[in-house]
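Novice: Provided herewith: model38.pdb, PDB, C-alpha atoms.
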```pdb
MODEL        1
ATOM      1  CA  MET A   1      17.792  38.810 -87.204
ATOM      2  CA  ASN A   2      17.479  35.497 -89.092
ATOM      3  CA  GLY A   3      15.533  34.597 -92.218
ATOM      4  CA  PRO A   4      14.743  36.708 -95.281
ATOM      5  CA  ARG A   5      15.805  40.326 -95.306
ATOM      6  CA  LEU A   6      13.158  42.615 -93.902
ATOM      7  CA  HIS A   7      11.600  45.183 -96.202
ATOM      8  CA  ILE A   8      11.479  48.630 -94.584
ATOM      9  CA  LEU A   9       9.646  51.673 -95.904
ATOM     10  CA  LEU A  10      11.464  54.904 -95.017
ATOM     11  CA  THR A  11       9.737  58.265 -95.066
ATOM     12  CA  ASN A  12       9.774  61.630 -93.264
ATOM     13  CA  ASP A  13       8.347  65.151 -93.274
ATOM     14  CA  ASP A  14      11.605  67.060 -93.857
ATOM     15  CA  GLY A  15      11.714  66.020 -97.513
ATOM     16  CA  ILE A  16      13.480  63.353 -99.519
ATOM     17  CA  HIS A  17      16.802  65.205 -99.487
ATOM     18  CA  ALA A  18      16.867  65.660 -95.687
ATOM     19  CA  PRO A  19      20.069  64.579 -93.903
ATOM     20  CA  GLY A  20      18.129  62.677 -91.232
ATOM     21  CA  LEU A  21      16.487  60.421 -93.804
ATOM     22  CA  TYR A  22      19.815  59.840 -95.530
ATOM     23  CA  ALA A  23      21.450  58.900 -92.214
ATOM     24  CA  LEU A  24      18.720  56.345 -91.558
ATOM     25  CA  HIS A  25      19.146  54.910 -95.059
ATOM     26  CA  GLU A  26      22.919  54.631 -94.718
ATOM     27  CA  ALA A  27      22.698  52.942 -91.314
ATOM     28  CA  LEU A  28      20.269  50.254 -92.512
ATOM     29  CA  LYS A  29      21.010  49.639 -96.185
ATOM     30  CA  ARG A  30      23.461  46.756 -95.699
ATOM     31  CA  ASP A  31      21.094  44.534 -93.736
ATOM     32  CA  PHE A  32      17.599  45.460 -94.934
ATOM     33  CA  ASP A  33      15.709  45.951 -98.175
ATOM     34  CA  LEU A  34      14.858  49.654 -98.089
ATOM     35  CA  THR A  35      12.399  51.732-100.084
ATOM     36  CA  ILE A  36      12.242  55.496 -99.624
ATOM     37  CA  VAL A  37       8.984  57.279-100.391
ATOM     38  CA  ALA A  38       9.101  60.828 -99.038
ATOM     39  CA  PRO A  39       7.788  64.328 -99.764
ATOM     40  CA  GLU A  40       9.665  66.143-102.524
ATOM     41  CA  VAL A  41       9.874  69.255-100.312
ATOM     42  CA  GLU A  42       9.705  69.884 -96.582
ATOM     43  CA  MET A  43       6.237  69.190 -95.171
ATOM     44  CA  SER A  44       6.803  69.845 -91.471
ATOM     45  CA  ALA A  45       3.818  70.456 -89.183
ATOM     46  CA  VAL A  46       1.209  69.306 -91.710
ATOM     47  CA  GLY A  47      -0.157  66.751 -89.257
ATOM     48  CA  HIS A  48      -2.147  63.924 -90.811
ATOM     49  CA  ALA A  49      -3.251  65.899 -93.851
ATOM     50  CA  ILE A  50      -3.865  64.043 -97.096
ATOM     51  CA  THR A  51      -4.129  65.432-100.619
ATOM     52  CA  LEU A  52      -7.583  65.388-102.214
ATOM     53  CA  SER A  53      -7.858  68.392-104.532
ATOM     54  CA  THR A  54      -4.743  67.886-106.686
ATOM     55  CA  PRO A  55      -3.169  64.776-108.249
ATOM     56  CA  LEU A  56      -0.197  63.142-106.614
ATOM     57  CA  ARG A  57       2.920  63.003-108.772
ATOM     58  CA  VAL A  58       5.825  60.666-108.108
ATOM     59  CA  ARG A  59       9.425  61.164-109.287
ATOM     60  CA  ARG A  60      12.356  58.767-109.095
ATOM     61  CA  ILE A  61      15.322  60.343-107.295
ATOM     62  CA  ARG A  62      18.949  59.347-107.814
ATOM     63  CA  LYS A  63      21.952  59.914-105.560
ATOM     64  CA  ALA A  64      25.513  59.117-106.634
ATOM     65  CA  ARG A  65      24.077  57.845-109.942
ATOM     66  CA  ARG A  66      21.955  55.233-108.193
ATOM     67  CA  PHE A  67      18.236  55.049-107.529
ATOM     68  CA  TYR A  68      17.581  56.466-104.063
ATOM     69  CA  GLY A  69      13.825  56.699-103.678
ATOM     70  CA  TYR A  70      10.514  58.178-104.744
ATOM     71  CA  ALA A  71       9.658  61.845-104.223
ATOM     72  CA  VAL A  72       5.953  62.632-103.870
ATOM     73  CA  ASN A  73       4.358  66.067-104.163
ATOM     74  CA  GLY A  74       2.227  65.373-101.129
ATOM     75  CA  THR A  75       2.204  64.977 -97.374
ATOM     76  CA  PRO A  76       3.926  62.316 -95.264
ATOM     77  CA  ALA A  77       0.618  60.471 -94.875
ATOM     78  CA  ASP A  78       0.192  60.592 -98.670
ATOM     79  CA  CYS A  79       3.645  59.045 -99.054
ATOM     80  CA  VAL A  80       2.828  56.067 -96.857
ATOM     81  CA  LYS A  81      -0.555  55.532 -98.505
ATOM     82  CA  ILE A  82       0.721  55.611-102.067
ATOM     83  CA  ALA A  83       3.804  53.576-101.206
ATOM     84  CA  ILE A  84       1.875  50.672 -99.692
ATOM     85  CA  GLN A  85      -1.051  50.747-102.094
ATOM     86  CA  GLU A  86       0.703  51.536-105.398
ATOM     87  CA  LEU A  87       4.494  51.773-105.469
ATOM     88  CA  LEU A  88       5.890  48.840-103.527
ATOM     89  CA  GLU A  89       6.254  45.450-105.155
ATOM     90  CA  ARG A  90       5.800  43.770-101.786
ATOM     91  CA  PRO A  91       4.357  45.153 -98.551
ATOM     92  CA  PRO A  92       6.801  46.557 -96.013
ATOM     93  CA  ASP A  93       7.489  44.698 -92.814
ATOM     94  CA  VAL A  94       8.149  47.980 -90.993
ATOM     95  CA  VAL A  95       7.592  51.697 -91.593
ATOM     96  CA  LEU A  96      10.174  54.106 -90.158
ATOM     97  CA  SER A  97       9.572  57.857 -90.332
ATOM     98  CA  GLY A  98      12.458  60.262 -89.704
ATOM     99  CA  ILE A  99      14.943  61.087 -88.501
ATOM    100  CA  ASN A 100      13.167  64.365 -87.779
ATOM    101  CA  LEU A 101      15.061  67.565 -87.092
ATOM    102  CA  GLY A 102      13.679  68.539 -83.683
ATOM    103  CA  ALA A 103      11.805  66.661 -80.975
ATOM    104  CA  ASN A 104       8.199  65.539 -81.310
ATOM    105  CA  VAL A 105       6.851  65.498 -77.761
ATOM    106  CA  GLY A 106       3.740  66.749 -75.990
ATOM    107  CA  VAL A 107       1.099  68.461 -78.112
ATOM    108  CA  ASN A 108       3.599  68.805 -80.945
ATOM    109  CA  VAL A 109       2.775  65.195 -81.795
ATOM    110  CA  LEU A 110      -0.565  66.392 -83.175
ATOM    111  CA  TYR A 111       1.138  68.726 -85.650
ATOM    112  CA  SER A 112       3.974  66.438 -86.671
ATOM    113  CA  GLY A 113       4.099  65.059 -90.191
ATOM    114  CA  THR A 114       6.814  62.669 -89.039
ATOM    115  CA  VAL A 115       4.544  61.133 -86.415
ATOM    116  CA  SER A 116       1.574  61.103 -88.793
ATOM    117  CA  ALA A 117       3.516  59.064 -91.344
ATOM    118  CA  ALA A 118       4.071  56.444 -88.639
ATOM    119  CA  THR A 119       0.445  56.436 -87.525
ATOM    120  CA  GLU A 120      -0.606  56.088 -91.173
ATOM    121  CA  GLY A 121       1.546  52.979 -91.368
ATOM    122  CA  ALA A 122      -0.168  51.702 -88.228
ATOM    123  CA  PHE A 123      -3.579  52.469 -89.807
ATOM    124  CA  LEU A 124      -2.586  50.165 -92.660
ATOM    125  CA  GLY A 125      -1.499  47.363 -90.362
ATOM    126  CA  VAL A 126       2.284  47.762 -90.581
ATOM    127  CA  PRO A 127       4.486  48.010 -87.454
ATOM    128  CA  SER A 128       5.595  51.651 -87.526
ATOM    129  CA  ALA A 129       7.733  54.124 -85.628
ATOM    130  CA  ALA A 130       8.551  57.824 -85.810
ATOM    131  CA  PHE A 131      12.097  58.985 -85.020
ATOM    132  CA  SER A 132      13.030  62.485 -83.894
ATOM    133  CA  LEU A 133      16.262  64.064 -82.694
ATOM    134  CA  GLY A 134      15.872  66.574 -79.867
ATOM    135  CA  THR A 135      17.594  69.553 -81.478
ATOM    136  CA  ILE A 136      17.257  71.927 -84.407
ATOM    137  CA  ARG A 137      20.869  73.112 -84.328
ATOM    138  CA  ASN A 138      23.966  71.224 -85.496
ATOM    139  CA  PRO A 139      22.271  67.811 -85.548
ATOM    140  CA  ASP A 140      24.336  64.627 -85.390
ATOM    141  CA  TYR A 141      22.113  61.787 -86.587
ATOM    142  CA  ARG A 142      24.641  58.954 -86.311
ATOM    143  CA  PHE A 143      23.598  57.460 -82.983
ATOM    144  CA  ALA A 144      19.869  57.849 -83.688
ATOM    145  CA  ALA A 145      20.330  56.070 -87.015
ATOM    146  CA  ARG A 146      22.157  53.175 -85.348
ATOM    147  CA  PHE A 147      19.575  52.973 -82.568
ATOM    148  CA  SER A 148      16.844  52.457 -85.180
ATOM    149  CA  ARG A 149      17.929  48.808 -85.333
ATOM    150  CA  GLN A 150      16.823  48.303 -81.726
ATOM    151  CA  ILE A 151      13.478  49.920 -82.521
ATOM    152  CA  ILE A 152      12.985  47.608 -85.517
ATOM    153  CA  GLU A 153      13.569  44.590 -83.266
ATOM    154  CA  PHE A 154      11.227  46.010 -80.629
ATOM    155  CA  LEU A 155       8.485  46.673 -83.205
ATOM    156  CA  LEU A 156       8.621  43.102 -84.444
ATOM    157  CA  SER A 157       8.711  41.481 -80.993
ATOM    158  CA  ALA A 158       6.410  43.685 -78.899
ATOM    159  CA  GLU A 159       3.168  42.629 -80.627
ATOM    160  CA  LEU A 160       1.714  46.115 -80.473
ATOM    161  CA  ARG A 161      -2.038  46.477 -80.554
ATOM    162  CA  VAL A 162      -3.384  47.051 -84.079
ATOM    163  CA  GLY A 163      -3.297  50.743 -84.959
ATOM    164  CA  THR A 164      -0.550  51.582 -82.448
ATOM    165  CA  ALA A 165       2.738  53.180 -83.511
ATOM    166  CA  LEU A 166       5.839  54.142 -81.551
ATOM    167  CA  ASN A 167       6.968  57.735 -81.141
ATOM    168  CA  VAL A 168      10.710  57.731 -80.434
ATOM    169  CA  ASN A 169      12.749  60.766 -79.390
ATOM    170  CA  ILE A 170      16.536  60.735 -79.116
ATOM    171  CA  PRO A 171      18.333  63.290 -76.918
ATOM    172  CA  ALA A 172      20.867  65.397 -78.803
ATOM    173  CA  VAL A 173      23.797  64.619 -76.525
ATOM    174  CA  PRO A 174      26.883  62.433 -76.953
ATOM    175  CA  GLU A 175      26.047  58.734 -76.750
ATOM    176  CA  GLU A 176      27.865  58.289 -73.436
ATOM    177  CA  GLN A 177      25.639  60.943 -71.852
ATOM    178  CA  ILE A 178      22.380  59.192 -72.729
ATOM    179  CA  ARG A 179      20.987  57.921 -69.445
ATOM    180  CA  GLY A 180      18.849  55.094 -70.784
ATOM    181  CA  VAL A 181      15.635  54.203 -72.560
ATOM    182  CA  VAL A 182      12.227  54.788 -70.976
ATOM    183  CA  LEU A 183       8.663  54.068 -71.955
ATOM    184  CA  THR A 184       6.721  57.278 -71.420
ATOM    185  CA  ARG A 185       3.313  58.757 -71.888
ATOM    186  CA  GLN A 186       2.692  61.735 -74.119
ATOM    187  CA  GLY A 187       2.918  64.926 -72.120
ATOM    188  CA  ILE A 188       0.877  68.072 -72.516
ATOM    189  CA  SER A 189       3.824  70.353 -73.010
ATOM    190  CA  ARG A 190       3.004  73.547 -74.832
ATOM    191  CA  PHE A 191       5.088  76.012 -76.762
ATOM    192  CA  ILE A 192       5.692  79.655 -76.002
ATOM    193  CA  GLU A 193       4.500  81.040 -79.304
ATOM    194  CA  ARG A 194       4.439  84.482 -80.809
ATOM    195  CA  PHE A 195       3.937  85.950 -84.248
ATOM    196  CA  ASP A 196       6.682  88.140 -85.622
ATOM    197  CA  LYS A 197       4.901  90.913 -87.516
ATOM    198  CA  ARG A 198       6.801  92.134 -90.566
ATOM    199  CA  THR A 199       6.324  94.246 -93.682
ATOM    200  CA  ASP A 200       7.346  93.113 -97.150
ATOM    201  CA  PRO A 201       8.979  95.416 -99.771
ATOM    202  CA  ARG A 202       5.546  96.274-101.194
ATOM    203  CA  GLY A 203       4.257  97.477 -97.849
ATOM    204  CA  HIS A 204       2.097  94.429 -97.100
ATOM    205  CA  THR A 205       1.983  93.022 -93.583
ATOM    206  CA  TYR A 206       2.795  89.374 -92.967
ATOM    207  CA  TYR A 207       3.335  87.224 -89.893
ATOM    208  CA  TRP A 208       5.934  84.575 -89.032
ATOM    209  CA  LEU A 209       5.284  82.093 -86.230
ATOM    210  CA  THR A 210       8.330  81.982 -83.959
ATOM    211  CA  GLY A 211       9.382  81.182 -80.404
ATOM    212  CA  GLU A 212       8.996  77.405 -80.244
ATOM    213  CA  THR A 213      10.445  76.990 -76.763
ATOM    214  CA  PRO A 214       8.930  73.930 -75.049
ATOM    215  CA  VAL A 215       7.545  74.262 -71.550
ATOM    216  CA  GLU A 216       6.714  70.950 -69.913
ATOM    217  CA  ILE A 217       3.517  70.668 -67.921
ATOM    218  CA  GLY A 218       2.793  67.603 -65.824
ATOM    219  CA  ASN A 219       4.639  64.728 -64.203
ATOM    220  CA  PRO A 220       8.244  63.642 -64.811
ATOM    221  CA  ASP A 221       7.086  60.437 -66.569
ATOM    222  CA  THR A 222       6.160  62.389 -69.702
ATOM    223  CA  ASP A 223       8.031  62.281 -72.992
ATOM    224  CA  GLY A 224       9.170  65.896 -72.840
ATOM    225  CA  MET A 225      10.592  65.718 -69.326
ATOM    226  CA  ALA A 226      12.343  62.395 -69.919
ATOM    227  CA  LEU A 227      13.911  63.686 -73.122
ATOM    228  CA  LYS A 228      15.029  66.838 -71.317
ATOM    229  CA  ASN A 229      16.750  64.592 -68.780
ATOM    230  CA  ASP A 230      18.691  62.838 -71.582
ATOM    231  CA  TYR A 231      16.621  59.667 -71.840
ATOM    232  CA  ILE A 232      15.547  58.080 -75.100
ATOM    233  CA  THR A 233      11.759  58.139 -74.972
ATOM    234  CA  ILE A 234       9.418  55.589 -76.525
ATOM    235  CA  THR A 235       5.716  56.405 -76.454
ATOM    236  CA  PRO A 236       3.045  54.090 -77.897
ATOM    237  CA  ILE A 237       0.461  56.247 -79.686
ATOM    238  CA  HIS A 238      -2.773  55.535 -81.498
ATOM    239  CA  TYR A 239      -5.459  57.396 -83.376
ATOM    240  CA  ASP A 240      -8.333  57.098 -80.893
ATOM    241  CA  LEU A 241      -8.499  60.676 -79.606
ATOM    242  CA  THR A 242     -11.446  59.980 -77.315
ATOM    243  CA  CYS A 243     -11.031  61.287 -73.781
ATOM    244  CA  HIS A 244     -12.489  58.164 -72.167
ATOM    245  CA  SER A 245     -12.585  59.519 -68.617
ATOM    246  CA  GLU A 246     -14.531  62.576 -69.756
ATOM    247  CA  LEU A 247     -16.853  60.433 -71.862
ATOM    248  CA  GLU A 248     -17.736  58.340 -68.806
ATOM    249  CA  ARG A 249     -18.203  61.450 -66.646
ATOM    250  CA  LEU A 250     -20.579  62.994 -69.163
ATOM    251  CA  LYS A 251     -22.524  59.753 -69.480
ATOM    252  CA  SER A 252     -22.910  59.538 -65.698
ATOM    253  CA  THR A 253     -24.001  63.156 -65.194
ATOM    254  CA  GLY A 254     -26.253  63.272 -68.232
ATOM    255  CA  PRO A 255     -26.583  66.113 -70.756
ATOM    256  CA  PRO A 256     -29.564  68.243 -69.552
ATOM    257  CA  LEU A 257     -29.111  70.704 -72.411
ATOM    258  CA  PHE A 258     -29.948  68.007 -74.936
ATOM    259  CA  GLU A 259     -32.915  66.818 -72.901
ATOM    260  CA  GLY A 260     -34.290  70.333 -73.239
ATOM    261  CA  TRP A 261     -33.673  70.156 -76.978
ATOM    262  CA  ARG A 262     -35.731  66.963 -77.172
ATOM    263  CA  ARG A 263     -38.645  68.618 -75.352
ATOM    264  CA  THR A 264     -38.473  71.584 -77.731
ATOM    265  CA  ARG A 265     -38.580  69.254 -80.736
ATOM    266  CA  ALA A 266     -41.564  67.389 -79.279
ATOM    267  CA  GLU A 267     -43.529  70.585 -78.843
TER     268      GLU A 267
ENDMDL
END
```
Translate this file's structure into structure tokens.
Specialist:
Amino acid sequence: MNGPRLHILLTNDDGIHAPGLYALHEALKRDFDLTIVAPEVEMSAVGHAITLSTPLRVRRIRKARRFYGYAVNGTPADCVKIAIQELLERPPDVVLSGINLGANVGVNVLYSGTVSAATEGAFLGVPSAAFSLGTIRNPDYRFAARFSRQIIEFLLSAELRVGTALNVNIPAVPEEQIRGVVLTRQGISRFIERFDKRTDPRGHTYYWLTGETPVEIGNPDTDGMALKNDYITITPIHYDLTCHSELERLKSTGPPLFEGWRRTRAE
């Protein structure tokens, strides 16, 4: 890349001390101007929540006696908002969120704080991508961190539609086993979920959500299936949740229930 050094905002949902975020920082710090603004604690599965009822507090974090980034007592979306609107001296050219511990595919995208940080960047007009590694055990972030450079180039050259972010998932296999890069659609994979019922020392019952084993539903061109087959997946996502085909079907068939409501009101 030629010209002035790009300014990249790094964030995540695993917290400012997460190894995935550190790996991303270390892979990019020599060639880019980086600013980290991330939650002070893990904020996984908070979706696109923002903080309204309590003040946001920001702390400067140091690593190896040097300034590392800003820790925010809020959500990933909060971090991107406050970074762009208050903390940064100049706007970022790119927002990267990750590297998340565990894949973000299928319906899990709706829950993901990592993905929501990227879509918040897209809301604010900044080319943005979410990065996730497809494992929760013994993660090796090195290849995913290096591959982020290709995603930065793609973000800046692809001319994505305003409000669109990229959701990127990296298979957790050795680099030589990765079969390629594919553009995919979001699948509708679900999770086999159960609540583990337990009793605390005081005799009170509590529940722990467990059993997050993905089951892919649909065609092989989905993010979950491609990732399972050791492909890097790139899915363009946006915040229009309208089901357009269903909207058109309902418009064409008409809503008789509401017609009856009108007649009742008239009487």
Novice: Contacts between stretch 237-256 of chain A and stretch 109-197 of chain A, please, where a residue of stretch 109-197 of chain A counts if it comes within 10 Å (with only C-alpha atoms); show its shortest atom pair and distance in Å to one decimal, rows by chain and ascending number, as a tab-separated table.
Specialist:
```
residue	atom	partner	partner_atom	distance
A:Val109	CA	A:Ile237	CA	9.5
A:Val115	CA	A:Ile237	CA	9.3
A:Ser116	CA	A:Tyr239	CA	9.6
A:Ala118	CA	A:Ile237	CA	9.7
A:Thr119	CA	A:His238	CA	6.9
A:Glu120	CA	A:Tyr239	CA	9.3
A:Ala122	CA	A:His238	CA	8.2
A:Phe123	CA	A:Tyr239	CA	8.3
A:Ala129	CA	A:Ile237	CA	9.6
A:Arg161	CA	A:His238	CA	9.1
A:Val162	CA	A:His238	CA	8.9
A:Gly163	CA	A:His238	CA	5.9
A:Thr164	CA	A:His238	CA	4.6
A:Ala165	CA	A:Ile237	CA	5.4
A:Leu166	CA	A:Ile237	CA	6.1
A:Asn167	CA	A:Ile237	CA	6.8
A:Arg185	CA	A:Ile237	CA	8.7
A:Gln186	CA	A:Ile237	CA	8.1
```
Novice: Can you work out the spacing between atom CA of A:Ala27 and atom CA of A:Ile8 in Å, to one decimal?
Specialist: 12.5 Å
Novice: Translate the PyMOL selection byres ((chain A and resi 175-182) around 9) into a concrete residue list for this structure, as a list in words.
Specialist: Phe143, Ile170, Pro171, Ala172, Val173, Pro174, Leu183, Thr184, Asp221, Asp223, Ala226, Asn229, Asp230, Tyr231, Ile232, Thr233, Ile234 and Thr235 of chain A
Novice: One decimal, Å: what's the distance from atom CA of A:Pro39 over to atom CA of A:Asp13, could you say?
Specialist: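 That distance, rounded to one decimal, is 6.6 Å.
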Novice: So which one's closest to A:Pro76, A:Thr199, A:Thr210, A:Ser112, A:Asn138? Using only C-alpha atoms, please.
Specialist: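 Of all the options, A:Ser112 lies closest to A:Pro76.
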Novice: By how many Å are atom CA of A:Ser148 and atom CA of A:Arg59 apart?
Specialist: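 Spanning atom CA of A:Ser148 to atom CA of A:Arg59 is a straight-line distance of 26.7 Å.
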Novice: Let me make sure I understand: among A:Pro220, A:Ala158, A:Ala83, A:Thr114, which one has the smallest atom-to-atom distance to A:Ala130 if we use all atoms listed in the file?
Specialist: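 Ranking A:Pro220, A:Ala158, A:Ala83, A:Thr114 by distance to A:Ala130, first place goes to A:Thr114.
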Novice: Counting all atoms listed in the file, which residue out of A:Tyr141, A:Phe131, A:Leu155, A:Phe195 sits closest to A:Asn104?
Specialist: A:Phe131
Novice: So, counting all atoms listed in the file, which residue among A:Asn108, A:Ser53, A:Ser128, A:Ser157 is closest to A:Val95?
Specialist: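 With all atoms listed in the file as the atom set, the closest residue is A:Ser128.
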Novice: List the spatial neighbours of A:Gly113 as a list in words - criterion: any atom at most 9 Å away, only C-alpha atoms, same-chain residues fewer than 4 positions off excluded.
Specialist: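 Once the adjacent positions are removed, what remains is Asn12, Asp13, Asp14, Met43, Ser44, Ala45, Val46, Gly47, His48, Ala49, Thr75, Pro76, Ala77, Val109, Ala117 and Ala118 of chain A.
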Novice: How big is the axis-aligned box around all listed atoms of stretch 21-29 of chain A once 4 Å goes on each side, and where's its centre, in Å to one decimal, as AutoDock Vina command-line options?
Specialist:
```
--center_x 19.7 --center_y 55.0 --center_z -93.7 --size_x 14.4 --size_y 18.8 --size_z 12.9
```
Novice: Taking all atoms listed in the file into account, name the residue in A:Met225, A:Ala144, A:Leu124, A:Ile84 that is nearest to A:Glu26.
Specialist: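 Looking at the shortest contact to A:Glu26, the residue is A:Ala144.
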Novice: Go through A:Arg137, A:Thr205, A:Pro236, A:Tyr111 one by one, measure the shortest atom-to-atom distance of each to A:Asn169 using all atoms listed in the file, and give the residue with the smallest value.
Specialist: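 Between A:Arg137, A:Thr205, A:Pro236, A:Tyr111, the residue approaching A:Asn169 most closely is A:Pro236.
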Novice: Translate the PyMOL selection byres ((chain A and resi 136) around 12), as applied to the file shown, into an explicit residue set as a ChimeraX atom specification.
Specialist: /A:20,99-104,132-135,137-141,171-172,212-213
Novice: Could the residues in this selection be saved with C-alpha atoms as a PDB file, in the coordinates of the input?
Specialist:
```
ATOM      1  CA  GLY A  20      18.129  62.677 -91.232  1.00  0.00           C
ATOM      2  CA  ILE A  99      14.943  61.087 -88.501  1.00  0.00           C
ATOM      3  CA  ASN A 100      13.167  64.365 -87.779  1.00  0.00           C
ATOM      4  CA  LEU A 101      15.061  67.565 -87.092  1.00  0.00           C
ATOM      5  CA  GLY A 102      13.679  68.539 -83.683  1.00  0.00           C
ATOM      6  CA  ALA A 103      11.805  66.661 -80.975  1.00  0.00           C
ATOM      7  CA  ASN A 104       8.199  65.539 -81.310  1.00  0.00           C
ATOM      8  CA  SER A 132      13.030  62.485 -83.894  1.00  0.00           C
ATOM      9  CA  LEU A 133      16.262  64.064 -82.694  1.00  0.00           C
ATOM     10  CA  GLY A 134      15.872  66.574 -79.867  1.00  0.00           C
ATOM     11  CA  THR A 135      17.594  69.553 -81.478  1.00  0.00           C
ATOM     12  CA  ARG A 137      20.869  73.112 -84.328  1.00  0.00           C
ATOM     13  CA  ASN A 138      23.966  71.224 -85.496  1.00  0.00           C
ATOM     14  CA  PRO A 139      22.271  67.811 -85.548  1.00  0.00           C
ATOM     15  CA  ASP A 140      24.336  64.627 -85.390  1.00  0.00           C
ATOM     16  CA  TYR A 141      22.113  61.787 -86.587  1.00  0.00           C
ATOM     17  CA  PRO A 171      18.333  63.290 -76.918  1.00  0.00           C
ATOM     18  CA  ALA A 172      20.867  65.397 -78.803  1.00  0.00           C
ATOM     19  CA  GLU A 212       8.996  77.405 -80.244  1.00  0.00           C
ATOM     20  CA  THR A 213      10.445  76.990 -76.763  1.00  0.00           C
TER      21      THR A 213
END
```
